[in-house]
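Contents: one structure, followed by commentary.
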Number of protein chains: 2
Amino acid sequence: MHKDYTLALIQCAMQPDPQANREKARDLVLEAAKRGADLVCLPELFATPYFCKREDGEYFDLAEEIPGPSLEIMADAARQAKVVLAVPLFERRGPGLYHNTAVLLGPDGRTLGQYRKMHIPEDPGFHEKFYFTPGDQGFPVFDTPLGRVGLLICWDQWFPEAARIAALQGAELLLYPTAIGRLLGESEEEGEVQVDSWMTVQRGHAVANGLFLAAANRIGLEEPDGPGLAVHFFGNSFVAGPRGEVLSRASAEREEILLTRIEPGRVDATRRAWPFLRDRRIESYFPLLERYGR
Amino acid sequence: MHKDYTLALIQCAMQPDPQANREKARDLVLEAAKRGADLVCLPELFATPYFCKREDGEYFDLAEEIPGPSLEIMADAARQAKVVLAVPLFERRGPGLYHNTAVLLGPDGRTLGQYRKMHIPEDPGFHEKFYFTPGDQGFPVFDTPLGRVGLLICWDQWFPEAARIAALQGAELLLYPTAIGRLLGESEEEGEVQVDSWMTVQRGHAVANGLFLAAANRIGLEEPDGPGLAVHFFGNSFVAGPRGEVLSRASAEREEILLTRIEPGRVDATRRAWPFLRDRRIESYFPLLERYGR
């Protein structure tokens with residue numbers, strides 16, 4: 001059984017210059033480590049503005065190969081800070097093949113593995129299907145010195161299947177780097193409903209799977225530099241425990257390093273009391289592999 | 001698209017005499033209809049105390065064949081009240097084959113279909129694996145004059161798979177007849193955590209599937225009539241809307257008819273904004289059919 005450790009979620013705003021975002025993220029990672037973090041998670045696409053606000057082929061220039069400039073600086077940061085570090089970025093996999101990817105680095109700066117976003121949204125203000133090829137490597141989990149971690153990205157948050165598969169592979173903690181907000185013009189009330197639904201569905205995954213779950217979101221209003229919709233990212237990065245309880249929650253507007261103590265021993269303890277994994281009817285779940293029953 | 005209608009959840013306590021429970025339930029169904037209900041859901045095993053508090057072969061005598069005395073009186077009630085009615089009972093299917101079953105009746109009193117509980121718990125105070133053969137007919141949905149309804153039972157609440165499969169078969173509303181409580185001796189604080197986890201995981205299903213969801217629980221302290229644990233059923237019957245919002249919620253201790261307006265048109269409207277069913281990666285969900293990845 002793994003020891004308790006400290007998770008840090010980085011909640012921040014991004015600016016147009018990727019190198020400035022990288023340097024800021026590096027500073028935040030080092031600061032998180034100073035405050036005791038063992039594992040640090042950056043928000044989705046940490047090196048760039050959320051360019052998916054509109055469809056523009058020029059934005060593919062923001063993508064990086066792996067390894068590339070973001071990983072170079074973040075691997076240094078992980079090594080210097082001696083932390084496990086989740087680095088979500090816009091990946092150029094090959095000509096015309098781009099992914100929304102997260103790389104997990106070990107405390108020695110080496111890559112433990114990577115995840116390519118499986119569930120890709122496409123909504124007004126969130127034109128991800130234009131930019132991102134859907135992942136083709138399933139839902140991997142990663143062994144770290146702190147235990148087994150599942151790494152998913154944003155829209156995956158809404159899919160119980162992704163959380164369950166990671167749990168069944170032994171993940172004790174699910175990390176969700178995120179870029180979610182309300183469209184400028186949507187009411188505050190609507191924004192609050194969105195935050196509540198977003199937290200609720202993820203807290204539900206924590207309950208159903210008896211594990212820890214954390215979402216690191218960005219903040220700030222981002223205007224498109226051209227036709228498109230402005231998005232007001234709503235922060236509220238949070239960590240849930242294995243009974244769905246909110247262990248920590250960041251503000252809606254402020255840059256924050258959200259520190260939370262993770263007790264991996266609670267995963268087995270919780271599942272002993274609520275043994276959902278014991279009682280799954282796996283021989284009856286085939287309809288989950290179908291699109292719709294009609 | 002179906003019209004709006006009124007759902008009534010019956011929250012009540014049960015007594016030792018089955019016939020007394022049936023007559024009380026009948027009166028509550030008629031009263032619910034007087035108050036405008038079109039669809040009524042009774043709590044799990046409505047005709048009996050929660051006998052699973054301990055294992056005793058004598059309790060199999062409480063089971064009924066289908067049709068049997070409970071269905072006879074409840075079919076009359078459905079017809080008289082002109083409501084769709086969910087009737088959860090202890091079913092004797094054959095010698096040595098007993099199920100935790102729910103029958104759905106139409107407003108003419110005829111049977112629309114039945115569901116045999118698929119996920120069977122076994123915990124201190126909840127010895128269901130002793131009494132109930134696991135269902136072998138999957139997760140059916142039922143066409144009613146009010147729309148397509150998914151009928152699941154209690155422990156199913158904790159399994160995203162069950163909710164998803166019902167949603168994929170076209171259910172607009174999930175009904176969960178329930179008997180959940182805390183063990184006598186568990187603290188009130190622990191009880192509150194349980195209520196919150198229980199509501200959260202179900203509200204999460206409502207969000208993930210963009211549908212209405214309702215749980216009808218019993219209330220009251222039930223002592224075992226022999227060695228065994230006492231269970232304090234915690235009420236809190238509730239209805240969630242397709243964004244996971246709590247539309248109505250009953251008390252922890254009082255008998256109630258909880259009336260809630262259901263707007264089936266919101267299911268499609270919600271899914272247009274949050275098109276999770278569109279983006280499921282069905283070719284990548286095979287691990288859901290496995291027990292565990294190790």
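The way I read the labels, and the way they are meant: chains A, B, ... in the order of the structure tokens, residue 1 as the first residue of every chain, and ligand 1 as the first ligand shown, with later ones counted on from there.
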
Show me, as JSON lines, the residues of chain B having an atom within 8 Å of chain A, each with the closest atom pair and its distance in Å, using only C-alpha atoms.
```
{"residue": "B:Met118", "atom": "CA", "partner": "A:Arg281", "partner_atom": "CA", "distance": 7.2}
{"residue": "B:His119", "atom": "CA", "partner": "A:Asp279", "partner_atom": "CA", "distance": 6.1}
{"residue": "B:Ile120", "atom": "CA", "partner": "A:Asp279", "partner_atom": "CA", "distance": 6.9}
{"residue": "B:Pro121", "atom": "CA", "partner": "A:Asp279", "partner_atom": "CA", "distance": 7.3}
{"residue": "B:Asp123", "atom": "CA", "partner": "A:Ala273", "partner_atom": "CA", "distance": 7.7}
{"residue": "B:Gly138", "atom": "CA", "partner": "A:Ser284", "partner_atom": "CA", "distance": 6.0}
{"residue": "B:Trp158", "atom": "CA", "partner": "A:Ala208", "partner_atom": "CA", "distance": 5.7}
{"residue": "B:Phe159", "atom": "CA", "partner": "A:Ala208", "partner_atom": "CA", "distance": 6.4}
{"residue": "B:Pro160", "atom": "CA", "partner": "A:Pro160", "partner_atom": "CA", "distance": 6.4}
{"residue": "B:Glu161", "atom": "CA", "partner": "A:Tyr285", "partner_atom": "CA", "distance": 6.9}
{"residue": "B:Arg164", "atom": "CA", "partner": "A:Leu288", "partner_atom": "CA", "distance": 7.3}
{"residue": "B:Ile165", "atom": "CA", "partner": "A:Pro287", "partner_atom": "CA", "distance": 6.1}
{"residue": "B:Leu168", "atom": "CA", "partner": "A:Tyr292", "partner_atom": "CA", "distance": 4.9}
{"residue": "B:Gln169", "atom": "CA", "partner": "A:Gly293", "partner_atom": "CA", "distance": 4.6}
{"residue": "B:Gly170", "atom": "CA", "partner": "A:Gly293", "partner_atom": "CA", "distance": 7.0}
{"residue": "B:Val193", "atom": "CA", "partner": "A:Arg243", "partner_atom": "CA", "distance": 7.8}
{"residue": "B:Ser197", "atom": "CA", "partner": "A:Gly244", "partner_atom": "CA", "distance": 5.9}
{"residue": "B:Thr200", "atom": "CA", "partner": "A:Gly204", "partner_atom": "CA", "distance": 5.5}
{"residue": "B:Val201", "atom": "CA", "partner": "A:Gly204", "partner_atom": "CA", "distance": 4.0}
{"residue": "B:Gln202", "atom": "CA", "partner": "A:Gly204", "partner_atom": "CA", "distance": 7.3}
{"residue": "B:Arg203", "atom": "CA", "partner": "A:Thr200", "partner_atom": "CA", "distance": 6.8}
{"residue": "B:Gly204", "atom": "CA", "partner": "A:Val201", "partner_atom": "CA", "distance": 4.0}
{"residue": "B:His205", "atom": "CA", "partner": "A:Val201", "partner_atom": "CA", "distance": 7.2}
{"residue": "B:Val207", "atom": "CA", "partner": "A:Val201", "partner_atom": "CA", "distance": 6.2}
{"residue": "B:Ala208", "atom": "CA", "partner": "A:Trp158", "partner_atom": "CA", "distance": 5.7}
{"residue": "B:Arg243", "atom": "CA", "partner": "A:Ser197", "partner_atom": "CA", "distance": 5.9}
{"residue": "B:Gly244", "atom": "CA", "partner": "A:Ser197", "partner_atom": "CA", "distance": 5.9}
{"residue": "B:Glu245", "atom": "CA", "partner": "A:Ser197", "partner_atom": "CA", "distance": 7.4}
{"residue": "B:Ala273", "atom": "CA", "partner": "A:Asp123", "partner_atom": "CA", "distance": 7.7}
{"residue": "B:Phe276", "atom": "CA", "partner": "A:Trp158", "partner_atom": "CA", "distance": 7.1}
{"residue": "B:Leu277", "atom": "CA", "partner": "A:Arg291", "partner_atom": "CA", "distance": 7.7}
{"residue": "B:Asp279", "atom": "CA", "partner": "A:His119", "partner_atom": "CA", "distance": 6.1}
{"residue": "B:Arg280", "atom": "CA", "partner": "A:His119", "partner_atom": "CA", "distance": 6.8}
{"residue": "B:Arg281", "atom": "CA", "partner": "A:His119", "partner_atom": "CA", "distance": 6.8}
{"residue": "B:Ile282", "atom": "CA", "partner": "A:Leu289", "partner_atom": "CA", "distance": 4.8}
{"residue": "B:Glu283", "atom": "CA", "partner": "A:Leu289", "partner_atom": "CA", "distance": 6.7}
{"residue": "B:Ser284", "atom": "CA", "partner": "A:Gly138", "partner_atom": "CA", "distance": 6.0}
{"residue": "B:Tyr285", "atom": "CA", "partner": "A:Leu289", "partner_atom": "CA", "distance": 6.2}
{"residue": "B:Phe286", "atom": "CA", "partner": "A:Leu289", "partner_atom": "CA", "distance": 7.0}
{"residue": "B:Pro287", "atom": "CA", "partner": "A:Ile165", "partner_atom": "CA", "distance": 6.1}
{"residue": "B:Leu288", "atom": "CA", "partner": "A:Ile165", "partner_atom": "CA", "distance": 6.2}
{"residue": "B:Leu289", "atom": "CA", "partner": "A:Ile282", "partner_atom": "CA", "distance": 4.8}
{"residue": "B:Glu290", "atom": "CA", "partner": "A:Ile282", "partner_atom": "CA", "distance": 6.1}
{"residue": "B:Arg291", "atom": "CA", "partner": "A:Ile282", "partner_atom": "CA", "distance": 6.7}
{"residue": "B:Tyr292", "atom": "CA", "partner": "A:Leu168", "partner_atom": "CA", "distance": 4.9}
{"residue": "B:Gly293", "atom": "CA", "partner": "A:Gln169", "partner_atom": "CA", "distance": 4.6}
{"residue": "B:Arg294", "atom": "CA", "partner": "A:Gln169", "partner_atom": "CA", "distance": 7.0}
```

Exercise. Which polymer residues have any atom within 7 Å of an atom of His232 of chain A, counting only C-alpha atoms, with same-chain residues fewer than 5 positions away left out, as a PyMOL selection string?
Worked result: chain A and resi 181-184+220-222

For this session: Work out how far atom CA of Asp225 of chain A is from atom CA of Glu188 of chain A, in Å to one decimal.
Result: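 About the pair atom CA of Glu188 of chain A and atom CA of Asp225 of chain A: they are 24.0 Å apart.
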
Exercise. Could you state the separation of atom CA of Val103 of chain B and atom CA of Ile153 of chain B in Å, given to one decimal place?
Worked result: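 For atom CA of Val103 of chain B relative to atom CA of Ile153 of chain B, the distance reads 11.0 Å.
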
For this session: Might you pull out every residue within 7 Å of His2 of chain B, with only C-alpha atoms counted and same-chain residues fewer than 3 positions away left off, and present them as a VMD selection string?
Result: chain B and resid 146 to 147 264 to 265

For the residues selected in the previous step, produce a file with N, CA, C and O atoms as a PDB file, in the first residue's frame.
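This is the output file out_20.pdb:
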```pdb
ATOM      1  N   LEU B 146     -46.525   7.659 -20.641  1.00  0.00           N
ATOM      2  CA  LEU B 146     -45.801   8.874 -20.255  1.00  0.00           C
ATOM      3  C   LEU B 146     -44.408   8.946 -20.866  1.00  0.00           C
ATOM      4  O   LEU B 146     -43.686   9.931 -20.676  1.00  0.00           O
ATOM      5  N   GLY B 147     -44.033   7.919 -21.581  1.00  0.00           N
ATOM      6  CA  GLY B 147     -42.688   7.868 -22.133  1.00  0.00           C
ATOM      7  C   GLY B 147     -41.983   6.602 -21.697  1.00  0.00           C
ATOM      8  O   GLY B 147     -42.556   5.751 -21.004  1.00  0.00           O
ATOM      9  N   PRO B 264     -40.287  15.735 -20.073  1.00  0.00           N
ATOM     10  CA  PRO B 264     -39.457  14.872 -20.926  1.00  0.00           C
ATOM     11  C   PRO B 264     -38.753  15.628 -22.049  1.00  0.00           C
ATOM     12  O   PRO B 264     -37.686  15.204 -22.504  1.00  0.00           O
ATOM     13  N   GLY B 265     -39.322  16.761 -22.477  1.00  0.00           N
ATOM     14  CA  GLY B 265     -38.675  17.534 -23.535  1.00  0.00           C
ATOM     15  C   GLY B 265     -37.289  18.013 -23.153  1.00  0.00           C
ATOM     16  O   GLY B 265     -36.454  18.294 -24.013  1.00  0.00           O
TER      17      GLY B 265
END
```

For this session: Do a neighbour search on Leu71 of chain B at 9 Å with only C-alpha atoms, toss out local chain neighbours closer than 3 positions, and write the hits as a PyMOL selection string.
Result: chain B and resi 66-68+74-76+87+89+103+105

For this session: State, in Å with one decimal place, the distance from atom CA of Tyr131 of chain B to atom CA of Glu64 of chain B.
Result: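 Result for atom CA of Tyr131 of chain B versus atom CA of Glu64 of chain B: 13.2 Å, one decimal.
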
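Summary of the local environment: counting only C-alpha atoms, residues at most 8 Å from Asp38 of chain A, other than itself and those fewer than 6 positions away along its chain, are A:Tyr5, A:Thr6, A:Leu7, A:Ala8, A:Lys82, A:Val83, A:Val84.
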
For this session: Find, counting only C-alpha atoms, the residue in B:Ile219, B:Val141, B:Ala240, B:Leu259 that gets nearest to Gln11 of chain B.
Result: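 Closest residue, counting only C-alpha atoms: B:Ile219.
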
For this session: Within 9 Å of Ile180 of chain A, counting only C-alpha atoms, which residues show up once you throw out same-chain ones fewer than 5 positions away? Write them as a ChimeraX atom specification, please.
Result: /A:154-155,217-219,231-235

How would the residues just chosen look if you wrote them out with N, CA, C and O atoms as a CSV table (one decimal), in the first residue's frame?
```csv
chain,number,residue,atom,x,y,z
A,154,CYS,N,-10.3,16.7,-19.5
A,154,CYS,CA,-11.5,17.5,-19.6
A,154,CYS,C,-12.7,16.8,-20.0
A,154,CYS,O,-13.4,16.1,-19.2
A,155,TRP,N,-13.1,16.8,-21.3
A,155,TRP,CA,-14.4,16.2,-21.7
A,155,TRP,C,-14.6,14.8,-21.3
A,155,TRP,O,-15.7,14.3,-21.0
A,217,ASN,N,-8.4,23.2,-13.5
A,217,ASN,CA,-9.0,24.0,-14.5
A,217,ASN,C,-8.2,25.3,-14.7
A,217,ASN,O,-7.5,25.8,-13.8
A,218,ARG,N,-8.4,26.0,-15.8
A,218,ARG,CA,-7.9,27.3,-16.0
A,218,ARG,C,-8.9,28.4,-15.6
A,218,ARG,O,-10.0,28.1,-15.3
A,219,ILE,N,-8.5,29.6,-15.5
A,219,ILE,CA,-9.3,30.7,-15.1
A,219,ILE,C,-9.2,31.8,-16.2
A,219,ILE,O,-8.3,31.7,-17.1
A,231,VAL,N,-14.7,32.8,-24.1
A,231,VAL,CA,-15.0,31.8,-23.0
A,231,VAL,C,-14.5,32.3,-21.7
A,231,VAL,O,-13.3,32.8,-21.6
A,232,HIS,N,-15.3,32.2,-20.7
A,232,HIS,CA,-14.9,32.6,-19.3
A,232,HIS,C,-14.6,31.4,-18.5
A,232,HIS,O,-15.6,30.7,-18.0
A,233,PHE,N,-13.4,31.0,-18.4
A,233,PHE,CA,-13.0,29.7,-17.7
A,233,PHE,C,-13.3,29.9,-16.2
A,233,PHE,O,-13.0,30.9,-15.6
A,234,PHE,N,-14.0,28.8,-15.7
A,234,PHE,CA,-14.6,29.0,-14.3
A,234,PHE,C,-13.8,28.4,-13.2
A,234,PHE,O,-14.4,28.4,-12.0
A,235,GLY,N,-12.6,28.1,-13.3
A,235,GLY,CA,-11.8,27.7,-12.2
A,235,GLY,C,-12.5,26.5,-11.5
A,235,GLY,O,-12.9,25.6,-12.0
```

For this session: Would you list the contacts of Pro69 of chain B as number ranges by chain, taking every protein, DNA or RNA residue within 10 Å and counting only C-alpha atoms, but skipping same-chain residues closer than 6 positions in sequence?
Result: B: 18-19, 22, 47, 75

Generate a file of the selected residues that holds C-alpha atoms, formatted as a compact mmCIF listing (two decimals), in the first residue's frame.
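Result written to out.txt:
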```txt
# COMPACT_ATOMS: atom_id res chain seq x y z
CA PRO B 18 -47.73 -7.60 4.51
CA GLN B 19 -51.44 -7.02 4.04
CA ARG B 22 -50.35 -3.33 0.84
CA ALA B 47 -44.95 -5.25 1.22
CA ALA B 75 -53.28 -3.43 -10.10
```

Problem set entry | Using only C-alpha atoms: which of A:Leu42, A:Ile257, A:Ile262, A:Ala269 has the shortest distance to Met14 of chain A |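 Counting only C-alpha atoms, the residue closest to Met14 of chain A is A:Leu42.
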
For this session: Just the alpha helix (DSSP H) stuff from segment 121-257 of chain B, please, per backbone DSSP, written as a PyMOL selection string.
Result: chain B and resi 128-131+160-168+188-209

Output for the residues just chosen: N, CA and C atoms as a JSON list (two decimals), in the first residue's frame:
```json
[["chain", "number", "residue", "atom", "x", "y", "z"],
["B", 128, "GLU", "N", -28.46, -9.53, 1.18],
["B", 128, "GLU", "CA", -29.32, -9.80, 0.02],
["B", 128, "GLU", "C", -28.85, -10.98, -0.82],
["B", 129, "LYS", "N", -27.54, -11.26, -0.78],
["B", 129, "LYS", "CA", -27.06, -12.39, -1.59],
["B", 129, "LYS", "C", -27.61, -13.71, -1.06],
["B", 130, "PHE", "N", -28.03, -13.75, 0.18],
["B", 130, "PHE", "CA", -28.66, -14.95, 0.73],
["B", 130, "PHE", "C", -30.06, -15.15, 0.13],
["B", 131, "TYR", "N", -30.77, -14.07, -0.06],
["B", 131, "TYR", "CA", -32.18, -14.19, -0.46],
["B", 131, "TYR", "C", -32.42, -14.12, -1.96],
["B", 160, "PRO", "N", -22.77, 2.94, -12.61],
["B", 160, "PRO", "CA", -23.03, 3.76, -13.80],
["B", 160, "PRO", "C", -23.44, 2.90, -15.00],
["B", 161, "GLU", "N", -23.01, 1.66, -15.02],
["B", 161, "GLU", "CA", -23.33, 0.79, -16.15],
["B", 161, "GLU", "C", -24.84, 0.61, -16.31],
["B", 162, "ALA", "N", -25.53, 0.41, -15.20],
["B", 162, "ALA", "CA", -26.98, 0.15, -15.25],
["B", 162, "ALA", "C", -27.71, 1.38, -15.80],
["B", 163, "ALA", "N", -27.35, 2.54, -15.27],
["B", 163, "ALA", "CA", -28.00, 3.78, -15.73],
["B", 163, "ALA", "C", -27.72, 4.01, -17.21],
["B", 164, "ARG", "N", -26.48, 3.80, -17.61],
["B", 164, "ARG", "CA", -26.10, 4.04, -19.01],
["B", 164, "ARG", "C", -26.86, 3.10, -19.94],
["B", 165, "ILE", "N", -26.93, 1.84, -19.59],
["B", 165, "ILE", "CA", -27.61, 0.88, -20.47],
["B", 165, "ILE", "C", -29.08, 1.26, -20.61],
["B", 166, "ALA", "N", -29.72, 1.64, -19.52],
["B", 166, "ALA", "CA", -31.13, 2.05, -19.61],
["B", 166, "ALA", "C", -31.26, 3.29, -20.49],
["B", 167, "ALA", "N", -30.33, 4.23, -20.32],
["B", 167, "ALA", "CA", -30.38, 5.45, -21.15],
["B", 167, "ALA", "C", -30.20, 5.10, -22.63],
["B", 168, "LEU", "N", -29.30, 4.18, -22.91],
["B", 168, "LEU", "CA", -29.05, 3.81, -24.31],
["B", 168, "LEU", "C", -30.23, 3.07, -24.92],
["B", 188, "GLU", "N", -24.48, 10.06, 13.23],
["B", 188, "GLU", "CA", -25.27, 10.90, 12.32],
["B", 188, "GLU", "C", -24.38, 11.48, 11.24],
["B", 189, "GLU", "N", -23.15, 11.83, 11.62],
["B", 189, "GLU", "CA", -22.22, 12.38, 10.64],
["B", 189, "GLU", "C", -21.96, 11.36, 9.53],
["B", 190, "GLU", "N", -21.74, 10.10, 9.94],
["B", 190, "GLU", "CA", -21.55, 9.04, 8.95],
["B", 190, "GLU", "C", -22.80, 8.90, 8.08],
["B", 191, "GLY", "N", -23.96, 9.01, 8.73],
["B", 191, "GLY", "CA", -25.20, 8.93, 7.97],
["B", 191, "GLY", "C", -25.30, 10.02, 6.92],
["B", 192, "GLU", "N", -24.86, 11.22, 7.28],
["B", 192, "GLU", "CA", -24.93, 12.32, 6.32],
["B", 192, "GLU", "C", -23.98, 12.11, 5.14],
["B", 193, "VAL", "N", -22.80, 11.55, 5.43],
["B", 193, "VAL", "CA", -21.88, 11.23, 4.35],
["B", 193, "VAL", "C", -22.54, 10.21, 3.40],
["B", 194, "GLN", "N", -23.21, 9.23, 3.99],
["B", 194, "GLN", "CA", -23.85, 8.20, 3.16],
["B", 194, "GLN", "C", -24.93, 8.81, 2.27],
["B", 195, "VAL", "N", -25.76, 9.67, 2.86],
["B", 195, "VAL", "CA", -26.83, 10.30, 2.06],
["B", 195, "VAL", "C", -26.22, 11.11, 0.93],
["B", 196, "ASP", "N", -25.16, 11.85, 1.24],
["B", 196, "ASP", "CA", -24.55, 12.69, 0.22],
["B", 196, "ASP", "C", -23.92, 11.85, -0.90],
["B", 197, "SER", "N", -23.21, 10.79, -0.55],
["B", 197, "SER", "CA", -22.62, 9.92, -1.58],
["B", 197, "SER", "C", -23.71, 9.28, -2.44],
["B", 198, "TRP", "N", -24.76, 8.86, -1.76],
["B", 198, "TRP", "CA", -25.88, 8.19, -2.44],
["B", 198, "TRP", "C", -26.57, 9.12, -3.43],
["B", 199, "MET", "N", -26.82, 10.35, -3.00],
["B", 199, "MET", "CA", -27.44, 11.31, -3.92],
["B", 199, "MET", "C", -26.46, 11.70, -5.03],
["B", 200, "THR", "N", -25.20, 11.88, -4.67],
["B", 200, "THR", "CA", -24.21, 12.36, -5.64],
["B", 200, "THR", "C", -24.03, 11.37, -6.78],
["B", 201, "VAL", "N", -23.88, 10.11, -6.46],
["B", 201, "VAL", "CA", -23.62, 9.15, -7.54],
["B", 201, "VAL", "C", -24.82, 9.08, -8.48],
["B", 202, "GLN", "N", -26.02, 9.21, -7.94],
["B", 202, "GLN", "CA", -27.22, 9.15, -8.79],
["B", 202, "GLN", "C", -27.39, 10.45, -9.59],
["B", 203, "ARG", "N", -27.15, 11.57, -8.94],
["B", 203, "ARG", "CA", -27.19, 12.83, -9.69],
["B", 203, "ARG", "C", -26.15, 12.79, -10.82],
["B", 204, "GLY", "N", -25.03, 12.14, -10.55],
["B", 204, "GLY", "CA", -24.01, 11.96, -11.60],
["B", 204, "GLY", "C", -24.56, 11.15, -12.78],
["B", 205, "HIS", "N", -25.34, 10.12, -12.50],
["B", 205, "HIS", "CA", -25.95, 9.36, -13.61],
["B", 205, "HIS", "C", -26.87, 10.26, -14.43],
["B", 206, "ALA", "N", -27.64, 11.11, -13.72],
["B", 206, "ALA", "CA", -28.56, 12.02, -14.43],
["B", 206, "ALA", "C", -27.77, 12.93, -15.36],
["B", 207, "VAL", "N", -26.65, 13.46, -14.87],
["B", 207, "VAL", "CA", -25.82, 14.34, -15.70],
["B", 207, "VAL", "C", -25.23, 13.56, -16.88],
["B", 208, "ALA", "N", -24.60, 12.45, -16.59],
["B", 208, "ALA", "CA", -23.88, 11.70, -17.64],
["B", 208, "ALA", "C", -24.82, 11.24, -18.74],
["B", 209, "ASN", "N", -26.07, 11.01, -18.39],
["B", 209, "ASN", "CA", -27.02, 10.49, -19.36],
["B", 209, "ASN", "C", -28.08, 11.51, -19.79]]
```

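Closest to Ala33 of chain B among B:Pro107, B:Gly228, B:Pro16, B:Gly94 is B:Pro107, based on only C-alpha atoms.
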
Problem set entry | Those in segment 74-294 of chain B with strand (DSSP E or B) from DSSP, as an NGL selection string | :B and (84-94 or 97-105 or 111-116 or 123 or 126 or 141-144 or 147-151 or 173-177 or 181-184 or 186 or 212-216 or 219-222 or 231-234 or 238-240 or 246-249 or 256-262)
